[in-house]
Amino acid sequence: MMYRIVHSTTYQYNDNAEVCHNLVHLQPRNLPWQQCRQTQLWIEPAPDRLHEYLDYFGNHVHSFAVYEPHLELSITAESYVTLTAREMGPLGETRAWNAVRDTLREDRAPEIVAAIEHRFDSPYICTSDELRELATDHFPLDRPLGEAVLSLTQAIQRDFKYDPKATTIDTSLDDVLEKRRGVCQDFAHLLIGCLRSLGLAGRYVSGYLRTDPQPGRLPLVGADASHAWVSVFCPGSGWIDFDPTNGCRTSDRHITIGWGRDFHDVSPVKGVVLGGGQSTLQVAVDVLPVEPGGVTSPAKDQGAPTA
């Protein structure tokens with residue numbers, strides 16, 4: 001299935017913003033089950049400087065700067081992505097979680113070394129006794145790692161309420177634990193914190209989720225918006241993805257933008273601005289299926305894309 005994704009971000013200021021520097025993670029990755037056919041980026045005002053590169057984790061990044069005074073900054077990315085069914089082995093056949101923990105401590109094979117950095121604290125995720133206790137009941141000795149993580153994933157979806165007004169980007173995991181509510185970013189951080197508190201390797205995945213609900217049923221949370229989920233590393237199986245917001249494994253409807261240690265590494269848009277006064281932010285995301293051969297003209301009629 002091919003999808004057309006349009007992600008628009010608009011900042012409006014009550015005073016002139018004199019200068020801004022921004023980084024955006026809006027171009028989907030190419031993966032064995034996911035191919036990004038094209039990505040076009042529009043920035044208004046037109047940037048004075050634009051640079052594209054791959055970051056430390058292999059994610060696509062666009063860096064740009066605007067040096068003219070402006071009251072509004074608009075960033076729109078349009079991508080066409082083809083997804084195929086992802087081969088996923090039975091979770092019951094993954095290695096015992098405690099064996100995986102010990103391997104991460106002791107083995108220095110290249111794939112283990114690459115995963116080790118995802119065992120440690122990061123800007124938004126600190127390990128703790130509380131997080132370890134939250135996970136303990138789902139990780140009895142010798143339980144297959146995949147089964148244990150799915151059990152914890154389902155518990156987070158069951159016991160925590162999705163509430164966009166409950167948290168902000170600066171909300172700590174301690175507050176999420178206390179309030180028992182948050183958004184996909186919070187639940188991804190929560191699951192990763194639990195995994196790392198057990199000595200396992202978990203990484204944060206940023207992307208989108210497309211759902212077509214059955215008649216009479218509600219769509220999955222996070223559909224047609226920026227979404228986040230978690231990958232856990234299992235030697236012999238690689239990285240296995242779980243969606244704690246919806247209590248499930250990921251599917252061929254999860255579209256991956258990139259991954260890192262936490263939200264800090266793959267924020268869709270982040271930057272600094274000089275001036276501007278108070279600002280408001282609007283974000284809109286559309287994820288639409290496209291018929292074969294249905295790649296259309298650019299979403300923006302005015303001007304050419306910047307990348």
# chains A, B, ... in the order shown; residues from 1 in each chain; ligands from 1
>>> closest_atom_pairs(of="region 51-111 of chain A", to="region 37-45 of chain A", cutoff="9 Å", atoms="only C-alpha atoms", output="Markdown table")
| residue | atom | partner | partner_atom | distance |
| --- | --- | --- | --- | --- |
| A:Val66 | CA | A:Pro45 | CA | 7.2 |
| A:Glu68 | CA | A:Pro45 | CA | 8.1 |
| A:His70 | CA | A:Pro45 | CA | 7.4 |
| A:Glu72 | CA | A:Glu44 | CA | 8.0 |
| A:Leu73 | CA | A:Glu44 | CA | 5.8 |
| A:Ser74 | CA | A:Glu44 | CA | 5.1 |
| A:Ile75 | CA | A:Ile43 | CA | 4.7 |
| A:Thr76 | CA | A:Trp42 | CA | 5.1 |
| A:Ala77 | CA | A:Leu41 | CA | 4.5 |
| A:Glu78 | CA | A:Gln40 | CA | 5.3 |
| A:Ser79 | CA | A:Thr39 | CA | 4.3 |
| A:Tyr80 | CA | A:Arg37 | CA | 5.3 |
| A:Val81 | CA | A:Arg37 | CA | 5.7 |
| A:Thr82 | CA | A:Arg37 | CA | 7.2 |
>>> select_by_dssp(residues="region 127-262 of chain A", states="alpha helix (DSSP H)", output="VMD selection string")
chain A and resid 129 to 136 145 to 159 173 to 179 184 to 197
>>> atom_distance(atom1="CA of Gly193 (chain A)", atom2="CA of Thr9 (chain A)")
29.0 Å
>>> residues_around(residues="region 130-145 of chain A", least_positions_apart="3", cutoff="8 Å", atoms="only C-alpha atoms", output="PyMOL selection string")
chain A and resi 91-100+127+148-149+151-152+190+193-195+197-198+234
>>> closest_residue(among="A:Cys248, A:Val285, A:Ile116, A:Val290", to="Gln154 (chain A)", atoms="only C-alpha atoms")
A:Cys248
>>> atom_distance(atom1="CA of Thr84 (chain A)", atom2="CA of Trp33 (chain A)")
5.2 Å
>>> select_by_dssp(residues="region 82-181 of chain A", states="strand (DSSP E or B)", output="PDB file with C-alpha atoms, in the first residue's frame")
ATOM      1  CA  THR A  82       5.099   2.363   0.107  1.00  0.00           C
ATOM      2  CA  LEU A  83       4.599  -0.225   2.858  1.00  0.00           C
ATOM      3  CA  ALA A  96      14.386 -15.279  27.551  1.00  0.00           C
ATOM      4  CA  SER A 122      18.802   9.875  27.913  1.00  0.00           C
ATOM      5  CA  ILE A 125      14.210   9.025  30.140  1.00  0.00           C
ATOM      6  CA  PRO A 144      10.453 -14.921  26.258  1.00  0.00           C
ATOM      7  CA  LYS A 161      -5.424   7.095  29.820  1.00  0.00           C
ATOM      8  CA  TYR A 162      -4.692   8.893  26.562  1.00  0.00           C
ATOM      9  CA  ARG A 181      -2.330   9.707  31.657  1.00  0.00           C
TER      10      ARG A 181
END
>>> residues_around(residues="region 51-57 of chain A", least_positions_apart="2", cutoff="10 Å", atoms="only C-alpha atoms", output="list in words")
Leu23, Val24, His25, Arg49, Asn59, His60, Val61, His62, Ser63, Phe64, Ala65, Gly258, Trp259, Gly260, Arg261, Asp265, Val266 and Ala307 of chain A
>>> residues_around(residues="Pro28 (chain A)", least_positions_apart="2", cutoff="7 Å", atoms="only C-alpha atoms", output="list of chain:residue names")
A:Leu26, A:Asn30, A:Cys36, A:Thr256, A:Ile257, A:Gly258
>>> write_last_selection(atoms="C-alpha atoms", output="compact mmCIF listing (two decimals), in the first residue's frame")
# COMPACT_ATOMS: atom_id res chain seq x y z
CA LEU A 26 10.02 14.77 8.45
CA ASN A 30 13.93 3.51 3.76
CA CYS A 36 10.02 6.48 0.67
CA THR A 256 8.60 5.20 10.37
CA ILE A 257 10.25 8.62 10.22
CA GLY A 258 13.24 7.82 12.42
>>> closest_residue(among="A:Cys184, A:Leu209, A:Val287, A:Met1", to="Ala85 (chain A)", atoms="only C-alpha atoms")
A:Met1
>>> atom_distance(atom1="CA of Asp252 (chain A)", atom2="CA of Leu104 (chain A)")
28.9 Å
>>> closest_residue(among="A:His254, A:Arg210, A:His189, A:His264", to="Thr153 (chain A)", atoms="only C-alpha atoms")
A:His189
>>> closest_residue(among="A:Phe160, A:Tyr11, A:Phe263, A:Trp239", to="Met88 (chain A)", atoms="only C-alpha atoms")
A:Trp239
>>> closest_residue(among="A:Leu281, A:Leu288, A:Ala17, A:Ala188", to="Arg253 (chain A)", atoms="only C-alpha atoms")
A:Leu288
>>> closest_atom_pairs(of="region 152-256 of chain A", to="region 106-111 of chain A", cutoff="10 Å", atoms="only C-alpha atoms", output="JSON lines")
{"residue": "A:Phe233", "atom": "CA", "partner": "A:Glu111", "partner_atom": "CA", "distance": 9.6}
{"residue": "A:Pro235", "atom": "CA", "partner": "A:Glu111", "partner_atom": "CA", "distance": 8.0}
{"residue": "A:Gly236", "atom": "CA", "partner": "A:Glu111", "partner_atom": "CA", "distance": 9.7}
{"residue": "A:Gly238", "atom": "CA", "partner": "A:Glu111", "partner_atom": "CA", "distance": 8.6}
